Amino acid sequence: MRLRKMPAGWQCVWRHVNAPPKPPVGSPCNGCGLCCLAEPCPLGRLYSRRTAGPCVKLRWDEGMGRHVCGAHGV
């Protein structure tokens, strides 16, 4: 299998197959996970100790069928 190089400025993220689609800009979070898979929020940066890549606190909740923030239960 030959992998293609991503265009400059693009990022590939892997999310759960059953995750909801990304909501329109300005809409509240629906648990699609794309934002947290691309980069951690300010709280996630403290836990992840990084500013890029997926947040280490992002969790998949099978019962809810969406991604959830694992930092809220700490």
# chains A, B, ... in the order shown; residues from 1 in each chain; ligands from 1
call {"tool": "residues_around", "arguments": {"residues": "Pro40 in chain A", "least_positions_apart": "3", "cutoff": "8 Å", "atoms": "only C-alpha atoms", "output": "list in words"}}
result
Cys35, Cys36, Leu37, Leu43, Gly44, Arg45, Ser48, Arg50, Thr51, Ala52, Gly53, Pro54 and Cys55 of chain A
call {"tool": "write_last_selection", "arguments": {"atoms": "N, CA and C atoms", "output": "mmCIF file, in the first residue's frame"}}
result
data_model
loop_
_atom_site.group_PDB
_atom_site.id
_atom_site.type_symbol
_atom_site.label_atom_id
_atom_site.label_comp_id
_atom_site.auth_asym_id
_atom_site.auth_seq_id
_atom_site.Cartn_x
_atom_site.Cartn_y
_atom_site.Cartn_z
ATOM 1 N N CYS A 35 -12.476 18.248 16.679
ATOM 2 C CA CYS A 35 -11.688 19.345 17.271
ATOM 3 C C CYS A 35 -10.620 18.792 18.215
ATOM 4 N N CYS A 36 -11.034 17.881 19.098
ATOM 5 C CA CYS A 36 -10.106 17.331 20.101
ATOM 6 C C CYS A 36 -9.095 16.372 19.489
ATOM 7 N N LEU A 37 -9.420 15.771 18.354
ATOM 8 C CA LEU A 37 -8.462 14.905 17.670
ATOM 9 C C LEU A 37 -7.417 15.722 16.922
ATOM 10 N N LEU A 43 -7.441 23.218 28.511
ATOM 11 C CA LEU A 43 -7.383 22.234 29.594
ATOM 12 C C LEU A 43 -6.690 20.958 29.126
ATOM 13 N N GLY A 44 -6.995 20.539 27.913
ATOM 14 C CA GLY A 44 -6.360 19.348 27.350
ATOM 15 C C GLY A 44 -4.862 19.509 27.166
ATOM 16 N N ARG A 45 -4.412 20.732 26.929
ATOM 17 C CA ARG A 45 -2.973 20.986 26.792
ATOM 18 C C ARG A 45 -2.249 20.717 28.104
ATOM 19 N N SER A 48 -2.341 16.820 28.219
ATOM 20 C CA SER A 48 -1.586 16.218 27.116
ATOM 21 C C SER A 48 -0.122 16.626 27.114
ATOM 22 N N ARG A 50 0.988 18.939 25.305
ATOM 23 C CA ARG A 50 1.311 19.229 23.908
ATOM 24 C C ARG A 50 0.269 20.185 23.346
ATOM 25 N N THR A 51 0.611 20.837 22.240
ATOM 26 C CA THR A 51 -0.298 21.800 21.625
ATOM 27 C C THR A 51 -0.853 21.317 20.296
ATOM 28 N N ALA A 52 -0.392 20.186 19.818
ATOM 29 C CA ALA A 52 -0.867 19.637 18.550
ATOM 30 C C ALA A 52 -1.114 18.143 18.716
ATOM 31 N N GLY A 53 -1.890 17.616 17.817
ATOM 32 C CA GLY A 53 -2.216 16.196 17.883
ATOM 33 C C GLY A 53 -3.410 15.962 18.803
ATOM 34 N N PRO A 54 -3.843 14.714 18.899
ATOM 35 C CA PRO A 54 -5.048 14.422 19.680
ATOM 36 C C PRO A 54 -4.868 14.630 21.181
ATOM 37 N N CYS A 55 -5.955 15.010 21.833
ATOM 38 C CA CYS A 55 -5.953 15.182 23.279
ATOM 39 C C CYS A 55 -5.988 13.809 23.947
#
call {"tool": "residues_around", "arguments": {"residues": "range 19-27 of chain A", "least_positions_apart": "5", "cutoff": "12 Å", "atoms": "only C-alpha atoms", "output": "list in words"}}
result
Trp14, Cys32, Gly33, Leu34, Cys35, Cys36, Arg59, Trp60, Asp61, Glu62, Gly63, Met64, Gly65, Arg66, His67 and Val68 of chain A
call {"tool": "write_last_selection", "arguments": {"atoms": "C-alpha atoms", "output": "PDB file, in the first residue's frame"}}
result
ATOM      1  CA  TRP A  14      -8.893   9.011  12.875  1.00  0.00           C
ATOM      2  CA  CYS A  32     -17.929  14.306  16.805  1.00  0.00           C
ATOM      3  CA  GLY A  33     -14.391  14.457  18.241  1.00  0.00           C
ATOM      4  CA  LEU A  34     -12.752  16.244  15.320  1.00  0.00           C
ATOM      5  CA  CYS A  35     -11.688  19.345  17.271  1.00  0.00           C
ATOM      6  CA  CYS A  36     -10.106  17.331  20.101  1.00  0.00           C
ATOM      7  CA  ARG A  59     -12.828   9.225  25.224  1.00  0.00           C
ATOM      8  CA  TRP A  60     -15.442   7.333  23.217  1.00  0.00           C
ATOM      9  CA  ASP A  61     -18.693   6.706  25.111  1.00  0.00           C
ATOM     10  CA  GLU A  62     -20.388   3.690  23.542  1.00  0.00           C
ATOM     11  CA  GLY A  63     -23.671   4.259  25.401  1.00  0.00           C
ATOM     12  CA  MET A  64     -23.957   7.862  24.224  1.00  0.00           C
ATOM     13  CA  GLY A  65     -22.506   7.138  20.763  1.00  0.00           C
ATOM     14  CA  ARG A  66     -20.198  10.139  20.882  1.00  0.00           C
ATOM     15  CA  HIS A  67     -16.790  11.365  21.998  1.00  0.00           C
ATOM     16  CA  VAL A  68     -16.608  12.893  25.488  1.00  0.00           C
TER      17      VAL A  68
END
call {"tool": "residues_around", "arguments": {"residues": "Val13 in chain A", "least_positions_apart": "2", "cutoff": "7 Å", "atoms": "only C-alpha atoms", "output": "list in words"}}
result
Gln11, Arg15, Leu37 and Ala38 of chain A
call {"tool": "select_by_dssp", "arguments": {"residues": "chain A", "states": "helix (DSSP H, G or I)", "output": "MDAnalysis selection string"}}
result
chainID A and resid 34:38 42:48 70:73
call {"tool": "write_last_selection", "arguments": {"atoms": "N, CA and C atoms", "output": "mmCIF file, in the first residue's frame"}}
result
data_model
loop_
_atom_site.group_PDB
_atom_site.id
_atom_site.type_symbol
_atom_site.label_atom_id
_atom_site.label_comp_id
_atom_site.auth_asym_id
_atom_site.auth_seq_id
_atom_site.Cartn_x
_atom_site.Cartn_y
_atom_site.Cartn_z
ATOM 1 N N LEU A 34 -13.747 15.715 16.261
ATOM 2 C CA LEU A 34 -12.752 16.244 15.320
ATOM 3 C C LEU A 34 -11.888 17.349 15.912
ATOM 4 N N CYS A 35 -12.476 18.248 16.679
ATOM 5 C CA CYS A 35 -11.688 19.345 17.271
ATOM 6 C C CYS A 35 -10.620 18.792 18.215
ATOM 7 N N CYS A 36 -11.034 17.881 19.098
ATOM 8 C CA CYS A 36 -10.106 17.331 20.101
ATOM 9 C C CYS A 36 -9.095 16.372 19.489
ATOM 10 N N LEU A 37 -9.420 15.771 18.354
ATOM 11 C CA LEU A 37 -8.462 14.905 17.670
ATOM 12 C C LEU A 37 -7.417 15.722 16.922
ATOM 13 N N ALA A 38 -7.789 16.939 16.524
ATOM 14 C CA ALA A 38 -6.853 17.807 15.812
ATOM 15 C C ALA A 38 -5.876 18.490 16.760
ATOM 16 N N PRO A 42 -7.328 24.324 25.827
ATOM 17 C CA PRO A 42 -6.412 24.767 26.887
ATOM 18 C C PRO A 42 -6.312 23.784 28.064
ATOM 19 N N LEU A 43 -7.441 23.218 28.511
ATOM 20 C CA LEU A 43 -7.383 22.234 29.594
ATOM 21 C C LEU A 43 -6.690 20.958 29.126
ATOM 22 N N GLY A 44 -6.995 20.539 27.913
ATOM 23 C CA GLY A 44 -6.360 19.348 27.350
ATOM 24 C C GLY A 44 -4.862 19.509 27.166
ATOM 25 N N ARG A 45 -4.412 20.732 26.929
ATOM 26 C CA ARG A 45 -2.973 20.986 26.792
ATOM 27 C C ARG A 45 -2.249 20.717 28.104
ATOM 28 N N LEU A 46 -2.912 21.017 29.222
ATOM 29 C CA LEU A 46 -2.302 20.723 30.523
ATOM 30 C C LEU A 46 -2.144 19.222 30.723
ATOM 31 N N TYR A 47 -3.186 18.464 30.372
ATOM 32 C CA TYR A 47 -3.136 17.011 30.517
ATOM 33 C C TYR A 47 -2.236 16.359 29.461
ATOM 34 N N SER A 48 -2.341 16.820 28.219
ATOM 35 C CA SER A 48 -1.586 16.218 27.116
ATOM 36 C C SER A 48 -0.122 16.626 27.114
ATOM 37 N N GLY A 70 -12.687 13.398 28.856
ATOM 38 C CA GLY A 70 -12.363 12.659 30.070
ATOM 39 C C GLY A 70 -11.857 13.547 31.185
ATOM 40 N N ALA A 71 -11.567 14.809 30.905
ATOM 41 C CA ALA A 71 -11.054 15.718 31.927
ATOM 42 C C ALA A 71 -12.174 16.192 32.859
ATOM 43 N N HIS A 72 -13.407 16.112 32.421
ATOM 44 C CA HIS A 72 -14.523 16.613 33.239
ATOM 45 C C HIS A 72 -14.817 15.726 34.435
ATOM 46 N N GLY A 73 -14.382 14.480 34.404
ATOM 47 C CA GLY A 73 -14.627 13.581 35.525
ATOM 48 C C GLY A 73 -13.508 13.567 36.536
#
call {"tool": "atom_distance", "arguments": {"atom1": "CA of Gly31 in chain A", "atom2": "CA of Gly9 in chain A"}}
result
24.0 Å
call {"tool": "atom_distance", "arguments": {"atom1": "CA of Val17 in chain A", "atom2": "CA of Arg2 in chain A"}}
result
22.9 Å
call {"tool": "select_by_dssp", "arguments": {"residues": "range 10-71 of chain A", "states": "strand (DSSP E)", "output": "VMD selection string"}}
result
chain A and resid 58 to 61 66 to 69
call {"tool": "write_last_selection", "arguments": {"atoms": "N, CA and C atoms", "output": "mmCIF file, in the first residue's frame"}}
result
data_model
loop_
_atom_site.group_PDB
_atom_site.id
_atom_site.type_symbol
_atom_site.label_atom_id
_atom_site.label_comp_id
_atom_site.auth_asym_id
_atom_site.auth_seq_id
_atom_site.Cartn_x
_atom_site.Cartn_y
_atom_site.Cartn_z
ATOM 1 N N LEU A 58 -9.545 12.620 25.465
ATOM 2 C CA LEU A 58 -10.701 12.331 24.632
ATOM 3 C C LEU A 58 -11.074 10.859 24.756
ATOM 4 N N ARG A 59 -12.341 10.589 25.040
ATOM 5 C CA ARG A 59 -12.828 9.225 25.224
ATOM 6 C C ARG A 59 -14.054 8.978 24.349
ATOM 7 N N TRP A 60 -14.235 7.729 23.942
ATOM 8 C CA TRP A 60 -15.442 7.333 23.217
ATOM 9 C C TRP A 60 -16.417 6.735 24.216
ATOM 10 N N ASP A 61 -17.650 7.228 24.234
ATOM 11 C CA ASP A 61 -18.693 6.706 25.111
ATOM 12 C C ASP A 61 -19.652 5.894 24.251
ATOM 13 N N ARG A 66 -20.912 8.901 21.186
ATOM 14 C CA ARG A 66 -20.198 10.139 20.882
ATOM 15 C C ARG A 66 -18.896 10.200 21.669
ATOM 16 N N HIS A 67 -18.010 11.106 21.257
ATOM 17 C CA HIS A 67 -16.790 11.365 21.998
ATOM 18 C C HIS A 67 -17.123 12.260 23.190
ATOM 19 N N VAL A 68 -16.428 12.067 24.288
ATOM 20 C CA VAL A 68 -16.608 12.893 25.488
ATOM 21 C C VAL A 68 -15.247 13.297 26.037
ATOM 22 N N CYS A 69 -15.244 14.364 26.809
ATOM 23 C CA CYS A 69 -14.017 14.833 27.435
ATOM 24 C C CYS A 69 -13.798 14.092 28.738
#
call {"tool": "closest_residue", "arguments": {"among": "A:Cys41, A:Pro28, A:Pro7, A:His16", "to": "Lys57 in chain A", "atoms": "only C-alpha atoms"}}
result
A:Cys41
